[in-house]
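Enquirer: One structure follows; several queries about it will come next.
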Amino acid sequence: MRHAAIALVLLLQAQPASPKPQAEAGPVTFEVAAIKRSANLDAGGTLGLLPGGRFRAINFDARTLVAIAYRTKPPRNLAPSQIIGGPDWMSQERYDINAKIGPELAATIDRADRDPNLMPKLVQSLLADRFKLALHHDVHNMPVYALVVAKKDGTFGPRLQRSTADCEKDRNKCRILSVGGGGHFIAGHITLETLAGMLSGPAGRLVFDRTGLTESFDVDIEYSTDQAPSDAPSIFGAVQEQLGLKLDFVREPVDVVVIDHVERPTED
């Protein structure tokens, strides 16, 4: 996969009073959307919600849009193995999409209680409306990796430390940074569940956290890739030597989506 919300709740203390009823939210759809085949032959692309309720997805294929729209919990895009069926053009043809949501929905983007799944819901609506996508959910037993603690005494490697960062005081200590364009990333105050999701790409299969640990950690891992060859170990060696964890090959039930119907969108 090529690509890649914090809620703050403001509590107001006042005299006891009956709460005002919340207005029902409108449909989570785009008000208008323009789609064209992309002329860009590169693999990269950009996607996101912009100020004013605008949305752009530049140089994206339909299969990647499905991966974003039906992302799992914890939030991560579906892996290619989790999207079953569909014609070849879904991954071969790329599109540029410029869309806009209505003012009522746009007003919620910067709110503290915004829906963290707003963008996936919007992309789901776009796929159904313009790509005529129909799919169903299923569970398939497939090969994956289980992230476990490597040593029996439970000790970690030198580049995995329990985090003491206070993210409210210093957000810079709670970021995920890619160093040098690939093969090295630093992450502050993340769970091992989040780390497992980050390892899924370089490991080549889905990775699930099976350590049983719920604390937050600071991670610094460096590994060699085909795109960035180096003297660093492979992702599997780096996980064990640097983090004191291990990727065990297992077969587990995995949630998947099965493409029942999809059409090329009409360009406009």
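Identifiers for the structure tokens are assigned positionally: chains receive A, B, ... in sequence, residues are indexed from 1 per chain, and ligands are indexed from 1 in the order shown.
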Pull the closest atom pair for each residue of range 61-127 of chain A that gets at most 12 Å from range 200-217 of chain A, along with the distance in Å to one decimal, counting only C-alpha atoms, ordering rows by chain and then ascending residue number, as a tab-separated table.

Expert:
```
residue	atom	partner	partner_atom	distance
A:Thr72	CA	A:Leu206	CA	11.9
A:Lys73	CA	A:Phe208	CA	11.5
A:Pro74	CA	A:Phe208	CA	10.6
A:Arg76	CA	A:Ser200	CA	10.0
A:Asn77	CA	A:Ser200	CA	10.5
A:Leu78	CA	A:Leu206	CA	9.2
A:Ala79	CA	A:Leu206	CA	7.0
A:Pro80	CA	A:Arg205	CA	9.2
A:Ser81	CA	A:Arg205	CA	8.2
A:Gln82	CA	A:Leu206	CA	9.2
```

Enquirer: How about saving the chosen residues, C-alpha atoms kept, as a PDB file, in the first residue's frame?

Expert:
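Wrote it out as result.pdb, contents follow:
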```
ATOM      1  CA  THR A  72      -9.874  -1.590  10.077  1.00  0.00           C
ATOM      2  CA  LYS A  73      -9.558  -0.934  13.809  1.00  0.00           C
ATOM      3  CA  PRO A  74      -7.038   0.129  14.998  1.00  0.00           C
ATOM      4  CA  ARG A  76      -5.015   1.087   9.207  1.00  0.00           C
ATOM      5  CA  ASN A  77      -5.752   0.606   5.543  1.00  0.00           C
ATOM      6  CA  LEU A  78      -6.712  -2.827   4.311  1.00  0.00           C
ATOM      7  CA  ALA A  79      -3.791  -4.857   2.991  1.00  0.00           C
ATOM      8  CA  PRO A  80      -3.985  -6.078  -0.636  1.00  0.00           C
ATOM      9  CA  SER A  81      -4.688  -9.597   0.655  1.00  0.00           C
ATOM     10  CA  GLN A  82      -7.810  -8.283   2.428  1.00  0.00           C
TER      11      GLN A  82
END
```

Enquirer: Would you mind telling me which residue in A:Leu118, A:Ala67, A:Leu195, A:Ile186 lies nearest to Asn172 in chain A when using only C-alpha atoms?

Expert: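 Going through A:Leu118, A:Ala67, A:Leu195, A:Ile186 one by one, the smallest distance to Asn172 in chain A is for A:Ile186.
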
Enquirer: Using only C-alpha atoms, what does the table of range 118-181 of chain A residues within 7 Å of range 255-263 of chain A look like, with each row giving the shortest atom pair and its distance in Å to one decimal, sorted by chain and ascending number, as CSV?

Expert:
```
residue,atom,partner,partner_atom,distance
A:Phe131,CA,A:Glu263,CA,5.1
A:Lys132,CA,A:Val262,CA,5.3
A:Leu133,CA,A:Val262,CA,4.4
A:Ala134,CA,A:His261,CA,5.0
A:Leu135,CA,A:Ile259,CA,4.5
A:His136,CA,A:Val258,CA,5.4
A:His137,CA,A:Val257,CA,4.5
A:Asp138,CA,A:Val256,CA,5.4
A:Val139,CA,A:Asp255,CA,4.6
A:His140,CA,A:Asp255,CA,6.6
```

Enquirer: Taking only C-alpha atoms into account, produce a table as a Markdown table in which each residue of range 99-181 of chain A with an atom at most 9 Å from an atom of range 45-62 of chain A appears once, together with its shortest atom pair and the distance in Å to one decimal, ordered by chain and rising number.

Expert:
```
| residue | atom | partner | partner_atom | distance |
| --- | --- | --- | --- | --- |
| A:Ala99 | CA | A:Phe55 | CA | 5.0 |
| A:Lys100 | CA | A:Arg54 | CA | 4.5 |
| A:Ile101 | CA | A:Gly53 | CA | 5.3 |
| A:Gly102 | CA | A:Gly53 | CA | 7.2 |
| A:Pro103 | CA | A:Gly53 | CA | 7.3 |
| A:Leu105 | CA | A:Gly53 | CA | 7.7 |
| A:Ala106 | CA | A:Gly53 | CA | 4.6 |
| A:Ala107 | CA | A:Gly53 | CA | 7.9 |
| A:Ile109 | CA | A:Gly53 | CA | 7.5 |
| A:Asp110 | CA | A:Pro51 | CA | 8.9 |
| A:Met119 | CA | A:Leu49 | CA | 7.3 |
| A:Leu127 | CA | A:Ala62 | CA | 8.2 |
| A:Phe131 | CA | A:Ala62 | CA | 8.4 |
```

Enquirer: What parts of range 96-221 of chain A does DSSP call strand (DSSP E)? I'd like the answer as a ChimeraX atom specification.

Expert: /A:96-100,134-149,160-162,176-178,184-191,207-209,216-221

Enquirer: Looking at A:Asp248, A:Leu65, A:Arg71, A:Gly237, which one is nearest to Ser91 in chain A, with distances taken over only C-alpha atoms?

Expert: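 Residue with the minimum atom-to-atom distance to Ser91 in chain A: A:Leu65.
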
Enquirer: Let me make sure I understand: among A:Thr266, A:Gln227, A:Asn141, A:Asn40, which one has the smallest atom-to-atom distance to Glu93 in chain A if we use only C-alpha atoms?

Expert: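 Going through A:Thr266, A:Gln227, A:Asn141, A:Asn40 one by one, the smallest distance to Glu93 in chain A is for A:Asn40.
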
Enquirer: Let me make sure I understand: among A:Arg171, A:Gly44, A:Arg63, A:Tyr223, which one has the smallest atom-to-atom distance to Gly85 in chain A if we use only C-alpha atoms?

Expert: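 The shortest atom-to-atom distance to Gly85 in chain A comes from A:Arg63.
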
Enquirer: Grab the CA of Thr164 in chain A to CA of His189 in chain A distance for me, in Å with one decimal place.

Expert: 7.7 Å

Enquirer: Extract the full set of alpha helix (DSSP H) residues from range 44-257 of chain A according to DSSP on the backbone, and format it as number ranges by chain.

Expert: A: 62-69, 89-92, 103-106, 118-130, 192-203, 235-243

Enquirer: Using only C-alpha atoms, find each residue of range 152-189 of chain A with at least one atom at most 12 Å away from an atom of range 230-235 of chain A; report its shortest atom-to-atom pair and that distance in Å (one decimal), sort the rows by chain and rising residue number, and return the result as a Markdown table.

Expert:
```
| residue | atom | partner | partner_atom | distance |
| --- | --- | --- | --- | --- |
| A:Gly180 | CA | A:Ser230 | CA | 11.6 |
| A:Gly182 | CA | A:Ser230 | CA | 10.9 |
| A:Gly183 | CA | A:Ile235 | CA | 8.4 |
| A:His184 | CA | A:Ala232 | CA | 9.5 |
| A:Phe185 | CA | A:Ile235 | CA | 11.7 |
```

Enquirer: Between A:Val254, A:Asp166, A:Leu177, A:Val219, which has the minimum distance to Thr191 in chain A (counting only C-alpha atoms)?

Expert: A:Val219
